[in-house]
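Text of run.cif (mmCIF, C-alpha atoms) as supplied:
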```cif
data_protein
#
loop_
_atom_site.label_atom_id
_atom_site.label_comp_id
_atom_site.auth_asym_id
_atom_site.auth_seq_id
_atom_site.Cartn_x
_atom_site.Cartn_y
_atom_site.Cartn_z
CA MET A 1 -229.98 -53.71 -31.61
CA ARG A 2 -226.57 -54.80 -32.83
CA LEU A 3 -225.64 -57.93 -30.91
CA LEU A 4 -222.24 -59.63 -30.96
CA HIS A 5 -222.06 -63.28 -29.90
CA VAL A 6 -218.77 -65.02 -29.16
CA VAL A 7 -218.75 -68.83 -29.11
CA PRO A 8 -215.74 -71.18 -29.42
CA THR A 9 -217.41 -73.45 -32.00
CA TYR A 10 -220.37 -72.64 -34.24
CA LEU A 11 -221.15 -75.52 -36.57
CA PRO A 12 -224.90 -76.04 -36.05
CA ALA A 13 -225.33 -78.42 -39.00
CA THR A 14 -222.70 -80.93 -37.85
CA ARG A 15 -222.50 -83.73 -35.29
CA TYR A 16 -222.49 -81.20 -32.44
CA GLY A 17 -225.65 -80.70 -30.46
CA GLY A 18 -226.63 -79.22 -27.14
CA PRO A 19 -225.13 -75.76 -26.56
CA ILE A 20 -224.17 -75.10 -30.20
CA VAL A 21 -227.66 -75.87 -31.45
CA ALA A 22 -229.11 -73.71 -28.66
CA VAL A 23 -226.84 -70.76 -29.46
CA HIS A 24 -227.77 -70.91 -33.14
CA GLY A 25 -231.46 -71.21 -32.30
CA LEU A 26 -231.21 -68.08 -30.16
CA CYS A 27 -229.18 -66.10 -32.72
CA ARG A 28 -231.49 -67.08 -35.56
CA ALA A 29 -234.56 -66.06 -33.56
CA LEU A 30 -233.00 -62.73 -32.58
CA ALA A 31 -232.21 -62.03 -36.23
CA ALA A 32 -235.82 -62.87 -37.14
CA ARG A 33 -236.94 -60.24 -34.62
CA GLY A 34 -235.04 -57.60 -36.61
CA HIS A 35 -231.76 -57.42 -34.71
CA THR A 36 -228.34 -57.38 -36.33
CA VAL A 37 -226.67 -60.53 -35.01
CA GLU A 38 -222.98 -61.24 -35.58
CA VAL A 39 -221.15 -64.35 -34.37
CA PHE A 40 -217.39 -64.55 -33.81
CA THR A 41 -216.11 -68.12 -33.59
CA THR A 42 -213.36 -70.55 -34.57
CA SER A 43 -213.28 -73.23 -37.25
CA ILE A 44 -212.46 -75.96 -34.72
CA ASP A 45 -214.29 -79.20 -35.54
CA GLY A 46 -212.92 -81.81 -33.14
CA PRO A 47 -209.30 -82.56 -34.11
CA LEU A 48 -209.82 -80.98 -37.55
CA ASP A 49 -211.08 -77.68 -38.95
CA SER A 50 -214.35 -77.12 -40.71
CA ALA A 51 -214.14 -76.05 -44.37
CA VAL A 52 -215.23 -72.45 -43.78
CA PRO A 53 -213.83 -69.20 -45.22
CA TYR A 54 -211.65 -66.96 -43.06
CA ASP A 55 -211.67 -63.94 -45.34
CA ALA A 56 -215.41 -63.25 -45.44
CA PRO A 57 -218.42 -63.77 -43.16
CA VAL A 58 -220.94 -66.55 -43.77
CA MET A 59 -224.68 -65.93 -43.51
CA LEU A 60 -226.56 -68.70 -41.67
CA ASP A 61 -230.31 -68.16 -41.25
CA GLY A 62 -229.88 -64.39 -41.11
CA VAL A 63 -226.90 -64.54 -38.76
CA LYS A 64 -223.52 -63.18 -39.89
CA VAL A 65 -220.83 -65.65 -38.80
CA ARG A 66 -217.09 -64.91 -38.88
CA TYR A 67 -214.71 -67.86 -38.57
CA PHE A 68 -211.12 -67.71 -37.34
CA ALA A 69 -208.35 -70.28 -37.26
CA SER A 70 -206.97 -71.68 -34.00
CA ARG A 71 -203.51 -72.98 -34.88
CA LEU A 72 -202.03 -73.22 -31.40
CA LEU A 73 -203.52 -73.91 -27.95
CA ARG A 74 -206.63 -75.38 -29.59
CA ARG A 75 -207.86 -76.77 -26.28
CA LEU A 76 -208.35 -73.14 -25.24
CA SER A 77 -209.70 -72.08 -28.68
CA TRP A 78 -206.90 -69.51 -28.96
CA ALA A 79 -207.51 -67.41 -32.07
CA PRO A 80 -205.70 -64.04 -32.01
CA ALA A 81 -207.33 -62.87 -35.25
CA LEU A 82 -210.73 -63.25 -33.59
CA ALA A 83 -209.79 -60.75 -30.89
CA ARG A 84 -208.29 -58.31 -33.39
CA THR A 85 -211.41 -58.35 -35.57
CA LEU A 86 -213.73 -58.15 -32.57
CA GLN A 87 -211.84 -55.13 -31.27
CA ARG A 88 -212.14 -53.44 -34.67
CA ASP A 89 -215.87 -54.20 -35.05
CA MET A 90 -217.05 -53.73 -31.47
CA ALA A 91 -217.82 -50.01 -31.80
CA GLY A 92 -221.54 -49.46 -32.00
CA ALA A 93 -222.56 -52.79 -30.51
CA ASP A 94 -225.39 -52.72 -27.97
CA ALA A 95 -224.40 -55.91 -26.15
CA VAL A 96 -221.87 -58.73 -26.32
CA HIS A 97 -222.97 -62.27 -25.42
CA LEU A 98 -220.30 -64.84 -24.53
CA HIS A 99 -221.22 -68.52 -24.69
CA SER A 100 -218.55 -70.43 -22.78
CA VAL A 101 -216.28 -70.55 -19.77
CA PHE A 102 -212.74 -71.94 -19.39
CA LEU A 103 -211.87 -70.85 -22.94
CA TRP A 104 -209.77 -68.02 -24.34
CA PRO A 105 -212.41 -66.29 -26.54
CA THR A 106 -214.58 -65.53 -23.49
CA TRP A 107 -211.66 -63.98 -21.62
CA ALA A 108 -210.57 -61.91 -24.64
CA ALA A 109 -214.08 -60.72 -25.48
CA ALA A 110 -214.92 -59.85 -21.86
CA ARG A 111 -211.81 -57.65 -21.63
CA LEU A 112 -212.59 -55.90 -24.92
CA ALA A 113 -216.22 -55.27 -23.97
CA ALA A 114 -215.23 -53.87 -20.59
CA ARG A 115 -212.68 -51.53 -22.18
CA SER A 116 -215.32 -50.32 -24.65
CA ALA A 117 -217.95 -49.85 -21.90
CA ILE A 118 -220.32 -52.24 -23.70
CA PRO A 119 -222.42 -54.52 -21.47
CA TYR A 120 -221.65 -58.20 -21.79
CA VAL A 121 -223.52 -61.35 -20.83
CA ILE A 122 -221.95 -64.74 -20.12
CA SER A 123 -223.77 -68.04 -20.63
CA PRO A 124 -221.72 -70.78 -18.92
CA ARG A 125 -223.72 -73.39 -20.87
CA GLY A 126 -223.64 -75.91 -18.05
CA MET A 127 -219.89 -75.89 -17.47
CA LEU A 128 -219.89 -74.20 -14.04
CA VAL A 129 -221.01 -77.28 -12.11
CA ASP A 130 -218.86 -78.63 -9.29
CA LYS A 131 -219.55 -82.26 -10.29
CA LEU A 132 -218.16 -81.66 -13.77
CA ILE A 133 -215.13 -79.77 -12.53
CA ALA A 134 -214.36 -82.50 -10.00
CA GLY A 135 -214.65 -85.14 -12.70
CA ARG A 136 -212.14 -83.70 -15.16
CA HIS A 137 -209.12 -81.36 -14.85
CA ARG A 138 -210.14 -80.11 -11.42
CA VAL A 139 -206.80 -78.48 -10.55
CA LEU A 140 -206.48 -76.67 -13.88
CA LYS A 141 -210.08 -75.48 -13.89
CA SER A 142 -209.89 -74.31 -10.28
CA ALA A 143 -206.78 -72.31 -11.14
CA TRP A 144 -208.49 -70.84 -14.21
CA ILE A 145 -211.47 -69.79 -12.10
CA GLY A 146 -209.22 -68.04 -9.61
CA LEU A 147 -207.01 -66.31 -12.16
CA ILE A 148 -209.41 -65.54 -15.00
CA GLU A 149 -213.01 -66.73 -14.84
CA ARG A 150 -213.99 -65.07 -11.58
CA SER A 151 -213.16 -61.61 -12.93
CA ASN A 152 -214.93 -62.38 -16.23
CA LEU A 153 -218.10 -63.42 -14.41
CA GLU A 154 -218.08 -60.71 -11.76
CA GLY A 155 -217.49 -58.06 -14.42
CA ALA A 156 -220.41 -59.21 -16.55
CA SER A 157 -223.59 -57.15 -16.64
CA ALA A 158 -225.51 -60.42 -16.33
CA ILE A 159 -224.99 -64.16 -16.22
CA HIS A 160 -227.48 -66.15 -18.25
CA VAL A 161 -228.47 -69.63 -17.06
CA THR A 162 -231.01 -71.91 -18.68
CA SER A 163 -232.67 -73.37 -15.57
CA PRO A 164 -233.03 -73.05 -11.81
CA THR A 165 -230.80 -76.14 -11.57
CA GLU A 166 -227.96 -74.32 -13.33
CA ALA A 167 -228.53 -71.22 -11.19
CA THR A 168 -228.22 -73.30 -8.01
CA ALA A 169 -225.00 -74.91 -9.25
CA LEU A 170 -223.57 -71.50 -10.12
CA GLY A 171 -224.45 -70.12 -6.67
CA LYS A 172 -222.24 -72.71 -4.96
CA PHE A 173 -219.10 -70.96 -6.25
CA GLY A 174 -219.70 -67.81 -4.22
CA PHE A 175 -219.13 -65.35 -7.04
CA GLN A 176 -220.17 -61.73 -6.50
CA LEU A 177 -222.40 -61.46 -9.53
CA ARG A 178 -224.35 -58.40 -10.59
CA ARG A 179 -227.31 -60.32 -11.96
CA VAL A 180 -228.34 -63.87 -12.83
CA ALA A 181 -231.07 -64.24 -15.46
CA THR A 182 -232.81 -67.58 -15.99
CA ILE A 183 -234.03 -67.99 -19.58
CA PRO A 184 -234.54 -71.53 -20.92
CA ASN A 185 -233.53 -72.88 -24.29
CA GLY A 186 -236.19 -73.23 -26.94
CA VAL A 187 -237.09 -75.80 -29.58
CA ASP A 188 -237.22 -75.57 -33.36
CA GLU A 189 -240.46 -76.17 -35.18
CA ILE A 190 -240.79 -79.69 -36.56
CA ALA A 191 -242.06 -80.62 -39.99
CA ASN A 192 -245.59 -81.97 -40.24
CA ALA A 193 -244.69 -84.30 -43.11
CA PRO A 194 -243.77 -87.84 -42.07
CA ALA A 195 -240.08 -88.78 -42.16
CA ILE A 196 -239.08 -91.19 -44.92
CA ASP A 197 -236.16 -93.41 -45.91
CA PRO A 198 -234.31 -93.90 -42.62
CA SER A 199 -230.89 -95.52 -42.42
CA GLU A 200 -230.82 -99.30 -42.14
CA ASP A 201 -229.94 -99.44 -38.44
CA ILE A 202 -232.61 -96.87 -37.57
CA GLU A 203 -235.25 -98.67 -39.62
CA ALA A 204 -234.42 -101.90 -37.80
CA LEU A 205 -234.79 -100.13 -34.46
CA ALA A 206 -238.00 -98.34 -35.43
CA THR A 207 -239.74 -101.44 -36.80
CA GLY A 208 -239.07 -103.47 -33.65
CA PRO A 209 -241.13 -103.36 -30.45
CA PRO A 210 -241.81 -99.96 -28.82
CA PHE A 211 -238.96 -98.86 -26.61
CA ILE A 212 -237.93 -96.41 -23.93
CA LEU A 213 -235.45 -94.01 -25.53
CA PHE A 214 -232.30 -92.31 -24.34
CA PHE A 215 -231.14 -89.83 -27.00
CA GLY A 216 -228.02 -87.73 -26.49
CA ARG A 217 -224.26 -87.80 -26.10
CA LEU A 218 -222.88 -91.07 -24.77
CA THR A 219 -220.77 -89.81 -21.88
CA TRP A 220 -220.46 -90.61 -18.18
CA VAL A 221 -222.34 -87.52 -16.98
CA LYS A 222 -225.51 -88.72 -18.73
CA GLY A 223 -225.95 -91.48 -16.11
CA LEU A 224 -226.12 -94.36 -18.59
CA ASP A 225 -224.60 -96.77 -16.08
CA ARG A 226 -227.42 -96.21 -13.59
CA LEU A 227 -229.93 -96.31 -16.42
CA LEU A 228 -228.84 -99.83 -17.39
CA ARG A 229 -228.87 -100.98 -13.76
CA ALA A 230 -232.33 -99.52 -13.28
CA PHE A 231 -233.59 -101.10 -16.49
CA ALA A 232 -232.34 -104.48 -15.29
CA GLN A 233 -234.80 -104.18 -12.41
CA THR A 234 -237.74 -103.91 -14.81
CA THR A 235 -239.52 -106.99 -16.11
CA ALA A 236 -240.54 -105.99 -19.62
CA GLY A 237 -239.81 -103.66 -22.48
CA THR A 238 -236.83 -102.56 -24.57
CA LEU A 239 -234.32 -99.76 -23.98
CA ALA A 240 -232.73 -97.88 -26.90
CA ILE A 241 -229.59 -95.82 -26.30
CA VAL A 242 -228.89 -93.56 -29.29
CA GLY A 243 -226.31 -90.83 -29.74
CA THR A 244 -222.79 -89.73 -30.57
CA ASP A 245 -220.18 -91.74 -28.67
CA TYR A 246 -217.69 -89.00 -27.75
CA ASP A 247 -216.00 -91.05 -25.03
CA ASN A 248 -216.01 -94.51 -26.66
CA LEU A 249 -218.48 -95.60 -24.03
CA ALA A 250 -220.38 -98.12 -26.17
CA PRO A 251 -218.13 -101.13 -25.42
CA ARG A 252 -218.48 -100.56 -21.68
CA LEU A 253 -222.25 -100.19 -22.01
CA ARG A 254 -222.48 -103.47 -23.93
CA GLN A 255 -220.35 -105.17 -21.30
CA LEU A 256 -222.52 -103.84 -18.47
CA ALA A 257 -225.69 -104.94 -20.28
CA ALA A 258 -224.22 -108.44 -20.60
CA GLU A 259 -223.29 -108.53 -16.92
CA LEU A 260 -226.83 -107.49 -16.04
CA LYS A 261 -228.23 -110.14 -18.41
CA ILE A 262 -230.29 -107.62 -20.41
CA THR A 263 -228.36 -107.69 -23.70
CA GLU A 264 -231.42 -108.88 -25.62
CA ARG A 265 -233.50 -106.00 -24.26
CA VAL A 266 -231.04 -103.20 -25.04
CA ARG A 267 -230.53 -101.61 -28.47
CA LEU A 268 -227.45 -99.42 -28.90
CA VAL A 269 -226.90 -96.98 -31.79
CA PRO A 270 -223.62 -95.21 -30.94
CA ARG A 271 -223.50 -92.58 -33.68
CA THR A 272 -224.76 -89.13 -34.55
CA VAL A 273 -228.44 -89.33 -35.51
CA THR A 274 -230.14 -86.33 -37.14
CA GLY A 275 -232.83 -85.43 -39.63
CA THR A 276 -235.08 -88.25 -40.83
CA ASP A 277 -233.29 -90.81 -38.66
CA LYS A 278 -233.92 -88.73 -35.57
CA GLU A 279 -237.62 -88.34 -36.36
CA PHE A 280 -237.97 -92.09 -36.91
CA VAL A 281 -236.37 -92.80 -33.54
CA PHE A 282 -238.65 -90.39 -31.67
CA ALA A 283 -241.76 -91.60 -33.52
CA ALA A 284 -241.07 -95.24 -32.63
CA ALA A 285 -240.38 -94.63 -28.93
CA ARG A 286 -242.96 -95.13 -26.19
CA GLY A 287 -241.21 -92.83 -23.73
CA PHE A 288 -237.99 -90.92 -23.17
CA VAL A 289 -235.51 -91.05 -20.28
CA MET A 290 -232.72 -88.67 -19.26
CA PRO A 291 -230.94 -90.07 -16.16
CA SER A 292 -228.10 -87.50 -16.03
CA TYR A 293 -225.96 -86.88 -12.98
CA SER A 294 -225.67 -83.24 -14.09
CA GLU A 295 -227.51 -81.44 -16.89
CA SER A 296 -227.89 -77.67 -16.98
CA PHE A 297 -230.91 -77.93 -19.26
CA GLY A 298 -231.60 -81.05 -21.38
CA ASN A 299 -232.57 -80.06 -24.93
CA SER A 300 -233.41 -83.58 -26.07
CA ALA A 301 -235.95 -84.03 -23.27
CA LEU A 302 -237.74 -80.88 -24.44
CA GLU A 303 -237.63 -82.18 -28.02
CA ALA A 304 -239.17 -85.45 -26.84
CA MET A 305 -241.99 -83.57 -25.12
CA GLN A 306 -242.53 -81.53 -28.28
CA ARG A 307 -243.13 -84.81 -30.13
CA GLY A 308 -245.64 -86.06 -27.59
CA LEU A 309 -243.39 -88.47 -25.69
CA PRO A 310 -243.71 -88.79 -21.91
CA VAL A 311 -240.34 -88.16 -20.32
CA ILE A 312 -238.50 -89.40 -17.24
CA VAL A 313 -235.78 -87.07 -15.93
CA THR A 314 -233.74 -86.88 -12.77
CA ARG A 315 -233.88 -83.80 -10.57
CA ASP A 316 -230.33 -83.01 -11.68
CA VAL A 317 -231.67 -82.23 -15.17
CA GLY A 318 -232.44 -78.54 -15.66
CA VAL A 319 -235.58 -79.13 -17.70
CA SER A 320 -237.12 -81.02 -14.75
CA ASN A 321 -238.94 -77.85 -13.68
CA ILE A 322 -240.64 -77.73 -17.09
CA VAL A 323 -241.53 -81.42 -16.85
CA GLU A 324 -243.19 -80.82 -13.47
CA ALA A 325 -244.95 -77.63 -14.56
CA SER A 326 -246.33 -79.24 -17.71
CA GLY A 327 -247.28 -82.63 -16.32
CA GLY A 328 -245.37 -84.04 -19.28
CA GLY A 329 -243.54 -86.79 -17.44
CA ILE A 330 -242.03 -88.13 -14.25
CA VAL A 331 -239.25 -86.50 -12.21
CA VAL A 332 -237.20 -88.90 -10.08
CA ASP A 333 -234.37 -88.46 -7.62
CA GLY A 334 -231.99 -90.65 -9.61
CA THR A 335 -231.96 -93.80 -7.52
CA GLN A 336 -232.10 -97.06 -9.43
CA ASP A 337 -235.37 -97.99 -7.72
CA GLN A 338 -237.11 -94.76 -8.75
CA LEU A 339 -235.78 -94.94 -12.30
CA ALA A 340 -236.87 -98.56 -12.59
CA SER A 341 -240.33 -97.81 -11.20
CA ALA A 342 -240.86 -94.89 -13.61
CA ILE A 343 -239.73 -96.93 -16.62
CA GLN A 344 -241.97 -99.83 -15.61
CA ARG A 345 -244.97 -97.49 -15.37
CA LEU A 346 -244.45 -96.19 -18.91
CA VAL A 347 -243.88 -99.66 -20.33
CA GLN A 348 -247.04 -101.06 -18.72
CA ASP A 349 -249.44 -98.12 -19.01
CA PRO A 350 -250.07 -96.86 -22.57
CA ALA A 351 -252.85 -94.58 -21.32
CA LEU A 352 -250.41 -92.82 -18.98
CA CYS A 353 -247.99 -92.42 -21.88
CA ARG A 354 -250.66 -90.79 -24.02
CA SER A 355 -251.96 -88.39 -21.37
CA THR A 356 -248.58 -87.20 -20.12
CA GLY A 357 -247.21 -87.03 -23.67
CA GLU A 358 -250.05 -84.80 -24.80
CA ALA A 359 -249.68 -82.57 -21.73
CA GLY A 360 -245.99 -82.10 -22.49
CA ARG A 361 -246.61 -81.46 -26.18
CA HIS A 362 -249.21 -78.79 -25.44
CA PHE A 363 -246.95 -77.01 -22.92
CA VAL A 364 -243.95 -76.95 -25.25
CA ASP A 365 -246.03 -75.69 -28.16
CA GLU A 366 -247.42 -72.88 -25.99
CA HIS A 367 -244.32 -71.82 -24.07
CA CYS A 368 -241.05 -73.11 -25.52
CA GLY A 369 -240.67 -71.80 -29.06
CA TRP A 370 -237.52 -69.89 -29.94
CA ALA A 371 -239.47 -66.72 -30.74
CA GLY A 372 -240.61 -66.41 -27.12
CA VAL A 373 -237.16 -67.25 -25.78
CA ALA A 374 -235.60 -64.60 -28.03
CA ALA A 375 -238.11 -62.02 -26.80
CA ARG A 376 -237.04 -62.69 -23.21
CA MET A 377 -233.38 -62.43 -24.13
CA GLU A 378 -234.08 -59.21 -26.00
CA ALA A 379 -235.66 -57.77 -22.86
CA LEU A 380 -232.53 -58.73 -20.90
CA TYR A 381 -230.29 -56.94 -23.40
CA GLU A 382 -232.54 -53.86 -23.31
CA SER A 383 -232.39 -53.73 -19.52
CA LEU A 384 -228.59 -53.66 -19.61
CA ARG A 385 -228.57 -50.48 -21.69
CA SER A 386 -230.57 -48.41 -19.18
#
```
Would you encode the structure as C-alpha cells?
Amino acid sequence: MRLLHVVPTYLPATRYGGPIVAVHGLCRALAARGHTVEVFTTSIDGPLDSAVPYDAPVMLDGVKVRYFASRLLRRLSWAPALARTLQRDMAGADAVHLHSVFLWPTWAAARLAARSAIPYVISPRGMLVDKLIAGRHRVLKSAWIGLIERSNLEGASAIHVTSPTEATALGKFGFQLRRVATIPNGVDEIANAPAIDPSEDIEALATGPPFILFFGRLTWVKGLDRLLRAFAQTTAGTLAIVGTDYDNLAPRLRQLAAELKITERVRLVPRTVTGTDKEFVFAAARGFVMPSYSESFGNSALEAMQRGLPVIVTRDVGVSNIVEASGGGIVVDGTQDQLASAIQRLVQDPALCRSTGEAGRHFVDEHCGWAGVAARMEALYESLRS
C-alpha cells in the first residue's frame, strides 16, 4: 500500500518524545512491512526551524519525509506548500493518516482526501480530552471543534486511539463517528550491550541509592504535584524526576519539595535525557511511577516495563490496561494515599519489584513490539479499502 501520513512536526531524533516518537515508530514499522510510507510535515522545532531541506525529501529509516516551512500562523502549523504538494501527490494513495487535531495540516489534508475519495484516519494523539481543553485555551479550542474539527472527525473513515482510556475521553464529545479503532503504541527494541559514559549529572544519580523514577515531560498534566505530596507520606526511599522542562516547572517542584521537607529525598534532572543517559537512569531505578491526571497512552511506562521495572500508574493513564493485563505493576486511582502506599510497597519489597518487573518485561516482549502494532494498523487500512 501507499500510505501518506500528515503530522505537524516530525523530528524523531530531537528533544521531542511521546507522539512524534510513536508516529515515527509506526511509519518505520510499516515501511519495514513493505509499504510505501510518505510523511508530510513542517520544519517547526519550537520557536525555531530544524535544518532540513525543503526542495527534496529526506529518507529516515525507510520513510520518505517531506518538510515544509511555516512562516506565518506557526501555532496552527500553517504551511500552504504542504497542502499544494499533498494535493499533487495524493493520486494513487491507499490511505491518508492524520496525526493531530486543532492544527491546520489536519484540516487541509482531511479536505483533500475527501475530495479525492481516499479514506483517511485521524489519530488525536491524546489531545481530545476535556481536562486538557479546560486547562488551556478552552474557548478557542471549543470554537475550533465546532467550526472545523467536528467535520474532520465525522468525515474520517476511522479514528485511531491508543487506549480504552482515550476512547472513553473521545466518546464524551458526542461526535457521530464512523469507526473508532483502538491500537496501542509500540516500543523499539533496546540494545543488549550495557550503556557506557553517561553525563555527569546522570552518573551522579545512577550511582546513588536506588530510586523510584518519574521519566517524561515536566508539565502540570503529569501530576507531579500530587506525586511529591504522596512521596512525602512515605518513610523511606528516593524519588527521581527526570525529563524536559517545557513549562519551567522545576523551580515550583523544588519549592514544593522544600515545603514538604523532602528536598534531600528528591533528585531533579530537568532536561532532555536520551540514549546512554536514558538507559543509565532506567537501569538504576527500582520502580517507575506515572501519576498523570490525563494520559492517552504513556510511552515511558511501557518502556519501563520493557526494561523490567515495576510500574505505578493512575487509572487516567492509557497504558493502565496493559499494566493490569500483564501484572507488571500497580494501578491506583490517583489519590495521595494510594500513590504513597504503592510507592512504599516498591521501596520496601525488592521481591515484589523483581516479580512484577519480570511479568511486565515478558508481556511487552511478547505483545508490544512495533512490528505487531504495524500489522494491526495495516489491517485497519486494508479494511477501509473494501
Write out as a PyMOL selection string the residues lying within 8 Å of Gly155 in chain A, counting only C-alpha atoms and excluding same-chain residues fewer than 3 positions away.
-> chain A and resi 114+151-152+177-178
Quick one: residues within 12 Å of (-225.8, -70.7, -9.4) (file frame), counting all atoms listed in the file, please, as JSON, numbers by chain.
-> {"A": [123, 124, 125, 126, 127, 128, 129, 130, 153, 159, 160, 161, 162, 163, 164, 165, 166, 167, 168, 169, 170, 171, 172, 173, 174, 175, 176, 177, 179, 180, 181, 182, 296]}
Tell me, as a list of chain:residue names, which residues lie within 6 Å of range 214-219 of chain A, counting only C-alpha atoms; anything in the same chain fewer than 3 positions away does not count.
-> A:Lys222, A:Ile241, A:Val242, A:Gly243, A:Thr244, A:Asp245, A:Asp247, A:Phe288, A:Val289
Take the PyMOL selection byres ((chain A and resi 96) around 7), apply it to the structure above, and return the hits as an MDAnalysis selection string.
-> chainID A and resid 3:5 95 97:98 119:121
Expected file: the selected residues, C-alpha atoms, as a compact mmCIF listing (two decimals), in the frame of the given file:
```txt
# COMPACT_ATOMS: atom_id res chain seq x y z
CA LEU A 3 -225.64 -57.93 -30.91
CA LEU A 4 -222.24 -59.63 -30.96
CA HIS A 5 -222.06 -63.28 -29.90
CA ALA A 95 -224.40 -55.91 -26.15
CA HIS A 97 -222.97 -62.27 -25.42
CA LEU A 98 -220.30 -64.84 -24.53
CA PRO A 119 -222.42 -54.52 -21.47
CA TYR A 120 -221.65 -58.20 -21.79
CA VAL A 121 -223.52 -61.35 -20.83
```
Using the chain letters and numbers from the file, give me the residues hit by the PyMOL selection byres ((chain A and resi 384) around 10), as a ChimeraX atom specification.
-> /A:94-95,118-121,157-158,379-383,385-386
Using the chain letters and numbers from the file, give me the residues hit by the PyMOL selection byres ((chain A and resi 343-351) around 9), as a PyMOL selection string.
-> chain A and resi 210-212+230-231+233-238+286-287+289+310+312+338-342+352-356
Work out how far apart CA of Met90 in chain A and CA of Ala371 in chain A are and give it in Å to one decimal.
->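 Distance reported for this atom pair: 25.9 Å.
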Determine the nearest neighbour of Val7 in chain A from the options A:Glu38, A:Glu358, A:Glu366, A:Glu378, counting all atoms listed in the file.
->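 Selected residue with least distance to Val7 in chain A: A:Glu38.
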Near His24 in chain A, within 9 Å and counting all atoms listed in the file, which residues show up once chain neighbours fewer than 6 positions away are dropped, as a PyMOL selection string?
-> chain A and resi 10-12+60-61+63
Å distance separating CA of Leu213 in chain A from CA of Val373 in chain A, one decimal place =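 So the answer is 26.8 Å.
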Neighbours of Asp55 in chain A within 9 Å (all atoms listed in the file; same-chain residues fewer than 3 positions away dropped), as JSON, numbers by chain?
-> {"A": [66, 67, 68]}
Around the point (-233.6, -58.9, -39.6) in the file's coordinates, collect all residues with an atom within 6 Å, using only C-alpha atoms, and return them as number ranges by chain.
-> A: 31-32, 34-35
Between CA of Glu279 in chain A and CA of Asp197 in chain A - distance in Å to one decimal =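 Value for the CA of Asp197 in chain A-CA of Glu279 in chain A distance: 10.9 Å.
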In terms of the shortest atom-to-atom distance over all atoms listed in the file, which of A:Glu303, A:Met1, A:Leu48, A:Gly18 is closest to Val187 in chain A?
-> A:Glu303
Given the choices A:Arg33, A:Arg2, A:Arg226, A:Arg111, which gets closest to Arg376 in chain A if the distance is worked out from all atoms listed in the file?
->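 Nearest candidate to Arg376 in chain A out of A:Arg33, A:Arg2, A:Arg226, A:Arg111: A:Arg33.
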Could you tell me which of A:Val281, A:Leu249, A:Ala232, A:Leu112 comes closest to Asp337 in chain A if we count only C-alpha atoms?
->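 Closest to Asp337 in chain A of all the choices is A:Ala232.
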Have a look at A:Asn185, A:Asp365, A:Ala285, A:Glu295 and name the one nearest to Asp316 in chain A; count all atoms listed in the file.
->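 Checking each of A:Asn185, A:Asp365, A:Ala285, A:Glu295 against Asp316 in chain A, counting all atoms listed in the file, the winner is A:Glu295.
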Pick the closest to Ala156 in chain A from A:Thr106, A:Ser142, A:Thr36, A:Thr42: which is it, counting only C-alpha atoms?
->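 Ranking A:Thr106, A:Ser142, A:Thr36, A:Thr42 by distance to Ala156 in chain A, first place goes to A:Thr106.
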